[in-house]
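Dumped run.csv below, it's CSV, C-alpha atoms:
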chain,number,residue,atom,x,y,z
A,27,MET,CA,-75.6,112.6,38.1
A,28,ASN,CA,-73.6,112.2,34.9
A,29,ARG,CA,-70.8,110.0,36.2
A,30,HIS,CA,-70.5,106.5,37.6
A,31,LEU,CA,-70.5,106.0,41.3
A,32,LEU,CA,-67.2,106.2,43.2
A,33,PRO,CA,-66.0,103.2,45.2
A,34,SER,CA,-66.8,104.9,48.5
A,35,GLU,CA,-70.4,105.6,47.2
A,36,ILE,CA,-70.8,101.9,46.2
A,37,ASP,CA,-69.7,101.0,49.8
A,38,LEU,CA,-72.2,103.4,51.2
A,39,LEU,CA,-75.0,101.8,49.3
A,40,VAL,CA,-73.8,98.3,50.3
A,41,ASP,CA,-73.7,99.3,53.9
A,42,SER,CA,-77.0,101.1,54.0
A,43,ASP,CA,-80.6,100.1,53.0
A,44,GLY,CA,-81.5,103.7,52.4
A,45,GLY,CA,-81.8,107.0,54.2
A,46,PHE,CA,-80.9,110.6,54.0
A,47,GLY,CA,-78.2,111.5,51.5
A,48,LEU,CA,-78.5,108.3,49.5
A,49,ALA,CA,-81.5,109.3,47.3
A,50,GLU,CA,-79.2,110.6,44.6
A,51,LEU,CA,-77.1,107.6,44.6
A,52,THR,CA,-80.0,105.2,44.6
A,53,ALA,CA,-81.6,107.1,41.7
A,54,HIS,CA,-78.4,106.8,39.7
A,55,VAL,CA,-78.2,103.0,40.4
A,56,GLU,CA,-81.7,102.6,39.0
A,57,GLN,CA,-80.6,104.2,35.8
A,58,CYS,CA,-77.1,102.8,35.4
A,59,ALA,CA,-76.7,99.1,34.8
A,60,ALA,CA,-73.0,99.1,35.4
A,61,CYS,CA,-73.3,100.7,38.9
A,62,ARG,CA,-76.3,98.5,39.7
A,63,ALA,CA,-74.1,95.4,39.0
A,64,ARG,CA,-71.3,96.8,41.2
A,65,VAL,CA,-73.7,97.4,44.1
A,66,ALA,CA,-75.2,94.0,43.6
A,67,ASP,CA,-71.8,92.4,43.7
A,68,GLY,CA,-71.0,94.2,46.9
A,69,ARG,CA,-74.2,93.2,48.5
A,70,ARG,CA,-73.7,89.6,47.5
A,71,VAL,CA,-70.3,89.6,49.3
A,72,ALA,CA,-71.8,91.2,52.3
A,73,GLN,CA,-74.6,88.7,52.5
A,74,ALA,CA,-72.2,85.8,52.1
A,75,LEU,CA,-70.1,87.1,54.9
A,76,GLU,CA,-73.1,87.7,57.2
A,77,ALA,CA,-74.3,84.1,56.4
A,78,LEU,CA,-71.0,82.6,57.6
A,79,PRO,CA,-71.6,80.1,60.5
A,80,HIS,CA,-70.8,81.5,63.9
A,81,ALA,CA,-67.9,79.6,65.4
A,82,LYS,CA,-68.2,78.6,69.0
A,83,PRO,CA,-65.6,77.2,71.3
A,84,SER,CA,-65.7,73.6,72.7
A,85,LEU,CA,-67.6,72.7,75.9
A,86,GLY,CA,-65.9,73.7,79.1
A,87,PHE,CA,-64.2,76.7,77.5
A,88,SER,CA,-65.3,79.1,80.2
A,89,ASP,CA,-64.5,76.6,83.0
A,90,ARG,CA,-61.0,76.1,81.7
A,91,LEU,CA,-60.6,79.8,81.3
A,92,MET,CA,-61.8,80.6,84.9
A,93,GLN,CA,-59.1,78.2,86.2
A,94,ARG,CA,-56.5,80.5,84.7
A,95,VAL,CA,-58.0,83.8,85.7
A,96,GLU,CA,-56.9,85.5,88.9
A,97,VAL,CA,-60.0,86.8,90.7
A,98,PHE,CA,-58.7,89.4,93.0
A,99,GLN,CA,-60.9,90.8,95.8
A,100,PRO,CA,-59.9,94.2,97.3
A,101,TRP,CA,-59.5,94.2,101.1
A,102,TYR,CA,-62.4,96.6,101.6
A,103,VAL,CA,-64.8,94.3,99.7
A,104,ALA,CA,-63.6,91.3,101.7
A,105,VAL,CA,-64.2,93.3,105.0
A,106,TRP,CA,-67.7,94.4,103.8
A,107,ASP,CA,-68.6,90.8,102.7
A,108,HIS,CA,-67.5,89.5,106.1
A,109,ALA,CA,-69.4,92.2,108.0
A,110,GLU,CA,-72.5,91.7,105.9
A,111,ARG,CA,-72.7,88.1,107.1
A,112,PHE,CA,-73.7,89.3,110.6
A,113,VAL,CA,-76.4,91.6,109.3
A,114,PRO,CA,-79.8,89.9,109.8
A,115,ARG,CA,-81.8,89.2,106.7
A,116,SER,CA,-85.2,89.9,108.0
A,117,VAL,CA,-86.4,93.4,108.7
A,118,PRO,CA,-87.7,92.7,112.3
A,119,LEU,CA,-84.3,91.2,113.3
A,120,ARG,CA,-82.5,94.2,111.7
A,121,ARG,CA,-84.6,96.5,113.8
A,122,ALA,CA,-83.9,94.5,116.9
A,123,ALA,CA,-80.1,94.6,116.1
A,124,VAL,CA,-80.3,98.4,115.6
A,125,ALA,CA,-82.2,98.8,118.9
A,126,LEU,CA,-79.6,96.7,120.7
A,127,LEU,CA,-76.7,98.7,119.2
A,128,ALA,CA,-78.4,101.9,120.2
A,129,ALA,CA,-78.9,100.6,123.8
A,130,GLY,CA,-75.3,99.5,124.0
A,131,SER,CA,-74.1,102.9,122.7
A,132,LEU,CA,-76.2,104.7,125.3
A,133,THR,CA,-74.9,102.6,128.1
A,134,VAL,CA,-71.3,103.1,127.1
A,135,THR,CA,-71.9,106.9,126.7
A,136,GLY,CA,-73.7,107.0,130.1
A,137,GLY,CA,-70.9,105.1,131.8
A,138,GLY,CA,-68.4,107.5,130.3
A,139,LEU,CA,-70.3,110.5,131.5
A,140,TRP,CA,-70.7,109.1,135.0
A,141,LEU,CA,-66.9,108.4,135.2
A,142,ALA,CA,-66.2,111.9,134.0
A,143,THR,CA,-68.4,113.5,136.7
A,144,ASN,CA,-67.2,111.2,139.5
A,145,VAL,CA,-63.5,111.5,138.9
A,146,GLN,CA,-62.6,111.1,142.6
A,147,GLU,CA,-64.3,107.7,142.7
A,148,VAL,CA,-62.3,106.3,139.8
A,149,PRO,CA,-58.9,105.4,141.5
A,150,VAL,CA,-60.7,103.4,144.2
A,151,ILE,CA,-62.9,101.5,141.8
A,152,GLY,CA,-60.0,101.3,139.4
A,153,ALA,CA,-57.6,99.7,141.9
A,154,SER,CA,-60.2,97.1,142.9
A,155,LEU,CA,-61.0,96.3,139.4
A,156,ALA,CA,-57.2,96.1,138.5
A,157,VAL,CA,-56.6,93.5,141.3
A,158,GLN,CA,-59.6,91.4,140.2
A,159,GLY,CA,-58.6,91.7,136.6
A,160,GLN,CA,-55.0,90.7,137.3
A,161,THR,CA,-56.1,87.6,139.2
A,162,ALA,CA,-58.6,86.6,136.4
A,163,LEU,CA,-56.0,87.2,133.7
A,164,ALA,CA,-53.4,85.2,135.5
A,165,THR,CA,-55.9,82.3,136.0
A,166,ALA,CA,-57.0,82.4,132.3
A,167,VAL,CA,-53.6,82.7,130.8
A,168,GLY,CA,-52.3,80.0,133.2
A,169,ASP,CA,-55.0,77.6,132.2
A,170,ALA,CA,-54.4,78.3,128.5
A,171,LEU,CA,-50.7,77.9,128.7
A,172,GLY,CA,-51.1,74.9,131.0
A,173,THR,CA,-53.2,73.3,128.3
A,174,LEU,CA,-50.6,74.1,125.6
A,175,LEU,CA,-47.4,73.6,127.5
A,176,GLY,CA,-48.3,71.3,130.5
A,177,PRO,CA,-48.9,71.7,134.2
A,178,SER,CA,-45.4,73.0,135.0
A,179,ALA,CA,-46.0,76.2,132.9
A,180,SER,CA,-49.3,76.7,134.6
A,181,ALA,CA,-47.8,76.3,138.1
A,182,LEU,CA,-45.0,78.8,137.2
A,183,LEU,CA,-47.6,81.4,136.2
A,184,ARG,CA,-49.6,80.9,139.4
A,185,THR,CA,-46.6,81.5,141.6
A,186,GLY,CA,-45.0,84.1,139.4
A,187,SER,CA,-45.3,87.9,139.4
A,188,LEU,CA,-47.3,90.2,137.1
A,189,GLY,CA,-44.4,90.3,134.8
A,190,THR,CA,-44.4,86.5,134.3
A,191,VAL,CA,-48.1,86.7,133.7
A,192,ALA,CA,-47.6,89.5,131.1
A,193,ILE,CA,-44.8,87.5,129.3
A,194,GLY,CA,-47.1,84.4,129.3
A,195,GLY,CA,-50.0,86.5,128.0
A,196,VAL,CA,-47.9,88.0,125.2
A,197,ALA,CA,-46.6,84.6,124.2
A,198,LEU,CA,-50.2,83.3,124.0
A,199,LEU,CA,-51.4,86.3,122.1
A,200,SER,CA,-48.5,86.0,119.6
A,201,ALA,CA,-49.3,82.3,119.0
A,202,VAL,CA,-53.0,83.0,118.5
A,203,SER,CA,-52.2,86.0,116.1
A,204,ALA,CA,-49.8,83.9,114.1
A,205,ALA,CA,-52.3,81.2,113.7
A,206,ALA,CA,-55.1,83.6,112.7
A,207,LEU,CA,-52.7,85.3,110.1
A,208,GLY,CA,-51.7,81.9,108.8
A,209,PHE,CA,-55.3,80.8,108.3
A,210,GLY,CA,-56.2,84.1,106.8
A,211,ARG,CA,-53.4,83.8,104.2
A,212,LEU,CA,-54.4,80.2,103.5
A,213,ALA,CA,-58.0,81.3,102.9
A,214,ALA,CA,-56.8,84.2,100.5
A,215,ALA,CA,-54.6,81.8,98.6
A,216,ALA,CA,-57.5,79.3,98.3
A,217,ARG,CA,-59.8,82.0,97.0
A,218,ARG,CA,-57.2,83.1,94.4
A,219,ARG,CA,-56.7,79.5,93.3
A,220,GLN,CA,-60.4,78.9,93.0
A,221,GLY,CA,-60.9,82.0,91.0
B,19,MET,CA,-75.5,91.4,98.7
B,20,PRO,CA,-73.9,90.2,95.4
B,21,PRO,CA,-76.4,90.3,92.4
B,22,THR,CA,-77.9,87.0,91.2
B,23,ARG,CA,-77.1,85.5,87.8
B,24,LEU,CA,-80.4,86.7,86.3
B,25,GLU,CA,-79.5,90.2,87.5
B,26,LEU,CA,-76.0,90.0,86.0
B,27,GLU,CA,-77.4,89.0,82.6
B,28,THR,CA,-79.3,92.3,82.4
B,29,LEU,CA,-76.5,94.5,83.6
B,30,PRO,CA,-74.7,96.7,81.1
B,31,ASP,CA,-71.1,95.9,80.4
B,32,ALA,CA,-69.8,98.9,82.4
B,33,ASP,CA,-71.6,97.8,85.6
B,34,LEU,CA,-70.4,94.2,85.1
B,35,VAL,CA,-66.8,95.5,85.0
B,36,VAL,CA,-67.3,97.3,88.2
B,37,LEU,CA,-68.5,94.1,89.9
B,38,ALA,CA,-65.6,92.2,88.4
B,39,GLN,CA,-63.2,94.9,89.8
B,40,GLN,CA,-64.8,94.1,93.2
B,41,GLY,CA,-63.7,90.5,92.8
B,42,ARG,CA,-67.2,89.0,92.1
B,43,GLU,CA,-66.4,85.7,90.3
B,44,ALA,CA,-70.0,85.6,88.9
B,45,ALA,CA,-69.2,88.9,87.0
B,46,TYR,CA,-66.1,87.4,85.4
B,47,ARG,CA,-68.2,84.4,84.3
B,48,GLU,CA,-70.9,86.6,82.8
B,49,ILE,CA,-68.3,88.6,80.8
B,50,ILE,CA,-67.0,85.3,79.5
B,51,ARG,CA,-70.5,84.0,78.7
B,52,ARG,CA,-71.3,87.2,76.7
B,53,TYR,CA,-68.2,87.3,74.7
B,54,GLU,CA,-66.8,83.8,74.3
B,55,ARG,CA,-68.5,83.2,71.0
B,56,PRO,CA,-67.8,86.6,69.3
B,57,VAL,CA,-64.2,86.6,70.5
B,58,PHE,CA,-63.6,83.0,69.5
B,59,SER,CA,-65.3,83.5,66.2
B,60,LEU,CA,-63.1,86.5,65.4
B,61,VAL,CA,-59.9,84.7,66.3
B,62,TYR,CA,-61.0,81.6,64.5
B,63,ARG,CA,-61.7,83.5,61.3
B,64,ILE,CA,-58.3,85.0,61.5
B,65,VAL,CA,-56.2,82.0,62.3
B,66,ARG,CA,-58.5,79.3,60.8
B,67,ASP,CA,-57.7,76.6,63.4
B,68,LYS,CA,-60.1,75.7,66.1
B,69,GLU,CA,-57.6,74.5,68.7
B,70,GLN,CA,-55.3,77.4,68.2
B,71,ALA,CA,-58.3,79.8,68.2
B,72,GLU,CA,-59.4,78.4,71.6
B,73,ASP,CA,-55.9,78.9,73.1
B,74,LEU,CA,-55.6,82.4,71.6
B,75,ALA,CA,-59.2,83.4,72.7
B,76,GLN,CA,-58.4,82.2,76.2
B,77,GLU,CA,-55.2,84.3,76.1
B,78,ALA,CA,-57.1,87.3,75.0
B,79,PHE,CA,-59.6,86.9,77.9
B,80,ILE,CA,-56.9,86.3,80.4
B,81,LYS,CA,-55.1,89.5,79.3
B,82,VAL,CA,-58.4,91.5,79.8
B,83,LEU,CA,-59.7,89.8,82.9
B,84,ASN,CA,-56.4,89.8,84.8
B,85,HIS,CA,-56.1,93.5,84.2
B,86,ILE,CA,-59.8,94.4,84.6
B,87,ASP,CA,-58.7,97.1,87.0
B,88,ARG,CA,-57.1,99.0,84.1
B,89,TYR,CA,-60.4,99.1,82.1
B,90,ASN,CA,-61.2,102.6,80.8
B,91,PRO,CA,-64.9,103.2,81.0
B,92,GLU,CA,-64.6,105.7,78.1
B,93,PHE,CA,-64.4,102.7,75.7
B,94,LYS,CA,-66.7,99.7,75.3
B,95,LEU,CA,-65.6,96.5,76.9
B,96,SER,CA,-66.4,94.7,73.7
B,97,SER,CA,-64.0,97.0,71.8
B,98,TRP,CA,-61.2,96.3,74.3
B,99,LEU,CA,-61.8,92.6,74.1
B,100,PHE,CA,-61.9,92.5,70.3
B,101,LYS,CA,-58.8,94.7,70.1
B,102,ILE,CA,-56.8,92.3,72.4
B,103,ALA,CA,-58.2,89.3,70.5
B,104,ASN,CA,-57.3,90.7,67.1
B,105,ASN,CA,-53.8,91.6,68.3
B,106,VAL,CA,-53.3,88.1,69.8
B,107,ALA,CA,-54.4,86.5,66.5
B,108,ILE,CA,-52.3,88.7,64.3
B,109,ASP,CA,-49.2,88.2,66.5
B,110,PHE,CA,-49.8,84.5,66.2
B,111,LEU,CA,-50.0,84.6,62.4
B,112,ARG,CA,-46.9,86.8,62.2
B,113,LYS,CA,-44.9,84.4,64.4
B,114,ARG,CA,-46.1,81.4,62.3
B,115,GLU,CA,-45.7,83.3,59.0
B,116,LEU,CA,-49.0,81.9,57.8
B,117,ASP,CA,-50.4,83.3,54.6
B,118,THR,CA,-53.0,80.7,53.8
B,119,VAL,CA,-54.6,77.9,55.7
B,120,SER,CA,-56.4,75.1,54.0
B,121,ILE,CA,-60.2,75.2,54.2
B,122,ASP,CA,-60.0,71.5,54.4
B,123,GLY,CA,-58.5,71.4,57.8
B,124,SER,CA,-55.8,72.5,60.1
B,125,ARG,CA,-52.2,72.1,59.1
B,126,TRP,CA,-51.5,70.9,62.6
B,127,ALA,CA,-54.1,68.2,62.5
B,128,ASP,CA,-52.4,64.8,62.7
B,129,SER,CA,-55.3,62.4,62.1
B,130,PRO,CA,-58.3,62.1,59.8
B,131,GLU,CA,-60.6,62.9,62.7
B,132,ALA,CA,-58.6,65.9,63.7
B,133,ILE,CA,-58.6,67.2,60.1
B,134,GLU,CA,-62.4,66.7,59.9
B,135,ALA,CA,-62.9,68.4,63.3
B,136,SER,CA,-60.8,71.4,62.3
B,137,ALA,CA,-62.3,71.8,58.8
B,138,ILE,CA,-64.7,74.6,58.3
B,139,ASP,CA,-68.2,73.5,57.6
B,140,PRO,CA,-70.3,76.3,56.2
B,141,ALA,CA,-73.6,74.5,56.3
B,142,SER,CA,-76.9,76.2,55.8
B,143,THR,CA,-80.4,75.2,56.8
B,144,GLY,CA,-83.9,75.4,55.4
B,145,GLU,CA,-83.0,75.3,51.7
B,146,SER,CA,-83.6,73.0,48.8
B,147,PRO,CA,-80.8,70.6,47.8
B,148,LEU,CA,-79.8,72.9,44.9
B,149,GLN,CA,-79.9,76.0,47.0
B,150,ALA,CA,-77.9,74.2,49.7
B,151,LEU,CA,-75.3,73.1,47.2
B,152,GLU,CA,-75.0,76.7,45.9
B,153,ALA,CA,-74.8,78.0,49.4
B,154,ARG,CA,-72.2,75.5,50.2
B,155,GLU,CA,-70.2,76.4,47.1
B,156,LEU,CA,-70.5,80.1,47.9
B,157,GLY,CA,-69.6,79.5,51.5
B,158,LYS,CA,-66.5,77.5,50.6
B,159,ALA,CA,-65.5,80.0,48.0
B,160,ILE,CA,-65.8,82.9,50.4
B,161,GLU,CA,-64.0,81.0,53.2
B,162,ALA,CA,-61.2,80.3,50.8
B,163,ALA,CA,-61.1,84.0,49.6
B,164,ILE,CA,-61.1,85.2,53.2
B,165,GLU,CA,-58.0,83.2,53.9
B,166,ARG,CA,-56.2,84.9,51.1
B,167,LEU,CA,-56.9,88.3,52.6
B,168,ARG,CA,-54.3,90.1,54.5
B,169,PRO,CA,-54.8,89.6,58.2
B,170,GLU,CA,-55.6,93.3,58.7
B,171,TYR,CA,-58.3,93.2,56.0
B,172,ARG,CA,-59.7,90.0,57.5
B,173,SER,CA,-60.1,91.6,60.9
B,174,CYS,CA,-61.9,94.6,59.5
B,175,ILE,CA,-64.2,92.6,57.3
B,176,MET,CA,-65.1,90.1,60.1
B,177,LEU,CA,-65.8,92.9,62.6
B,178,ARG,CA,-67.9,94.7,60.0
B,179,HIS,CA,-70.0,91.8,58.6
B,180,VAL,CA,-69.9,89.0,61.2
B,181,GLU,CA,-69.9,91.1,64.4
B,182,GLY,CA,-71.9,93.9,62.9
B,183,ARG,CA,-69.6,96.7,64.1
B,184,SER,CA,-69.8,100.2,62.7
B,185,TYR,CA,-66.8,101.7,60.9
B,186,GLU,CA,-66.2,104.0,63.9
B,187,GLU,CA,-66.2,101.1,66.3
B,188,ILE,CA,-63.8,99.1,64.2
B,189,ALA,CA,-61.5,102.1,64.0
B,190,THR,CA,-61.6,102.4,67.8
B,191,THR,CA,-61.2,98.7,68.4
B,192,LEU,CA,-58.2,98.2,66.0
B,193,ASP,CA,-56.6,101.6,66.8
B,194,LEU,CA,-56.8,102.6,63.1
B,195,PRO,CA,-57.9,105.8,61.5
B,196,LEU,CA,-61.4,105.7,60.2
B,197,GLY,CA,-60.2,106.3,56.6
B,198,THR,CA,-57.9,103.3,56.9
B,199,VAL,CA,-60.8,101.1,58.1
B,200,LYS,CA,-62.9,102.2,55.1
B,201,THR,CA,-60.0,101.5,52.8
B,202,TYR,CA,-59.3,98.0,54.2
B,203,ILE,CA,-63.0,97.0,54.0
B,204,HIS,CA,-63.3,98.3,50.5
B,205,ARG,CA,-60.2,96.4,49.4
B,206,ALA,CA,-61.3,93.3,51.2
B,207,ARG,CA,-64.7,93.5,49.5
B,208,LYS,CA,-63.1,94.0,46.1
B,209,GLN,CA,-60.8,90.9,46.6
B,210,LEU,CA,-63.8,88.8,47.7
B,211,GLN,CA,-65.9,90.0,44.8
B,212,ASP,CA,-63.1,89.0,42.4
B,213,ALA,CA,-62.9,85.6,44.0
B,214,LEU,CA,-66.6,85.0,43.7
B,215,ALA,CA,-66.8,86.3,40.1
B,216,HIS,CA,-66.6,82.8,38.7
B,217,LEU,CA,-69.7,81.7,40.7
B,218,ARG,CA,-71.7,84.6,39.3
B,219,GLU,CA,-71.2,83.2,35.9
Mind turning this structure into structure tokens?
Amino acid sequence: MNRHLLPSEIDLLVDSDGGFGLAELTAHVEQCAACRARVADGRRVAQALEALPHAKPSLGFSDRLMQRVEVFQPWYVAVWDHAERFVPRSVPLRRAAVALLAAGSLTVTGGGLWLATNVQEVPVIGASLAVQGQTALATAVGDALGTLLGPSASALLRTGSLGTVAIGGVALLSAVSAAALGFGRLAAAARRRQG
Amino acid sequence: MPPTRLELETLPDADLVVLAQQGREAAYREIIRRYERPVFSLVYRIVRDKEQAEDLAQEAFIKVLNHIDRYNPEFKLSSWLFKIANNVAIDFLRKRELDTVSIDGSRWADSPEAIEASAIDPASTGESPLQALEARELGKAIEAAIERLRPEYRSCIMLRHVEGRSYEEIATTLDLPLGTVKTYIHRARKQLQDALAHLRE
């Protein structure tokens, strides 16, 4: 090489300790005092920069930061996390849960098949079950509303028709749903705040 | 089951981002733990004030973490973070119209303690007193010279030599052509060399 190194070539030598393609440049530097001085200057600056102390933030930086970050959990992750709580941790318990689920599924399937093959029996059984169910529902709803609204509401339901029971049941269900929704929103807001 | 802290520490950045996108608070904290020092360091070197640097570094993290769902896995998380941090710092300087900041302390410091706390202390260890003095002189001189660099040069030279990023990574991080990055670094080095010339003699 019969010329001095270009600035980009000096930078190449400053950035590299050696390697393919630099042999010619390195050989020139060994022969040329001027270029050797320029490379030395460049390396001196690089070393001084690399020796600069690393700045670090004050204690509590991450805690203060997390208070300002909005941690958002998608609904499907929340549902999965909730369902995962009911999954047993130990393997034997998990096997028992799977067995129970399988038995339950077989029972429901068997019951459905029986109903399908004994269609003529269904109305008789159904009517009997419906009357029993209505009585049980009226009693349950009456007790619940009685607890909430007092004995007069309970008495009204006991003497009232199926329609009155239905209205009372819808009212109770609405109250319970609103409470559940409210608690759910409070929990989500708390989770966002804590994030 | 969410991963433990030990498992999080070994996860690559891309997997950590996926967990953060699922709302795992531990993943957010791990991202902060990994990058709080490099991000703060970069911002601090640009704006030269610890308090402001903390606020700006937090702002950079908030911009990234509150929009973690927009992360593009084609790019490194670190590049995205440094890019936002650099932009936040440069915007701050432009608004404040700062060209130089005293190495002896923040211009917003209002007490001797605050001035001392905000001053840059380029101490070195394991050296003889003379070496320590020379290192201190060199450190002070280079800190002063860095402050006189244009902010764009400062960003490039810090990412190259303090954060150890390659030219290509710097170009991606700062959204600059590779040639521009090489030019900025070359000019920054030239200015720093000139500033240190008196020490060589």
Legend entry - chain A residues near chain B (9 Å cut-off, only C-alpha atoms) as an NGL selection string: :A and (33-34 or 37 or 67-68 or 70-84 or 87-92 or 94-100 or 103-104 or 107 or 110 or 221)
Inset, instruction - Figure out the distance between CA of Ala170 (chain A) and CA of Ser203 (chain A), please, to one decimal in Å. - result: 14.8 Å
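Compared by their closest atoms to Phe93 (chain B), and using only C-alpha atoms, the residues B:Glu155, B:Arg166, B:Arg66, B:Asp193 rank with B:Asp193 nearest.
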Legend entry - Selection near Arg29 (chain A), 12 Å with all atoms listed in the file, sequence-local residues under 5 positions removed, as a list of chain:residue names: A:Glu35, A:Glu50, A:Leu51, A:His54, A:Val55, A:Gln57, A:Cys58, A:Ala60, A:Cys61
Selected residues, C-alpha atoms, written as a PDB file, in the coordinates of the input, please.
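What landed in again_38.pdb:
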ATOM      1  CA  GLU A  35     -70.400 105.600  47.200  1.00  0.00           C
ATOM      2  CA  GLU A  50     -79.200 110.600  44.600  1.00  0.00           C
ATOM      3  CA  LEU A  51     -77.100 107.600  44.600  1.00  0.00           C
ATOM      4  CA  HIS A  54     -78.400 106.800  39.700  1.00  0.00           C
ATOM      5  CA  VAL A  55     -78.200 103.000  40.400  1.00  0.00           C
ATOM      6  CA  GLN A  57     -80.600 104.200  35.800  1.00  0.00           C
ATOM      7  CA  CYS A  58     -77.100 102.800  35.400  1.00  0.00           C
ATOM      8  CA  ALA A  60     -73.000  99.100  35.400  1.00  0.00           C
ATOM      9  CA  CYS A  61     -73.300 100.700  38.900  1.00  0.00           C
TER      10      CYS A  61
END
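Note that CA of Leu74 (chain B) and CA of Ile102 (chain B) are 10.0 Å apart.
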Legend entry - Ref. answer, residues at most 9 Å from (-58.9, 85.4, 54.9) with all atoms listed in the file, as a PyMOL selection string: chain B and resi 63-66+117-119+160-169+171-173
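What separates CA of Leu99 (chain B) from CA of Leu192 (chain B) is a distance of 10.5 Å.
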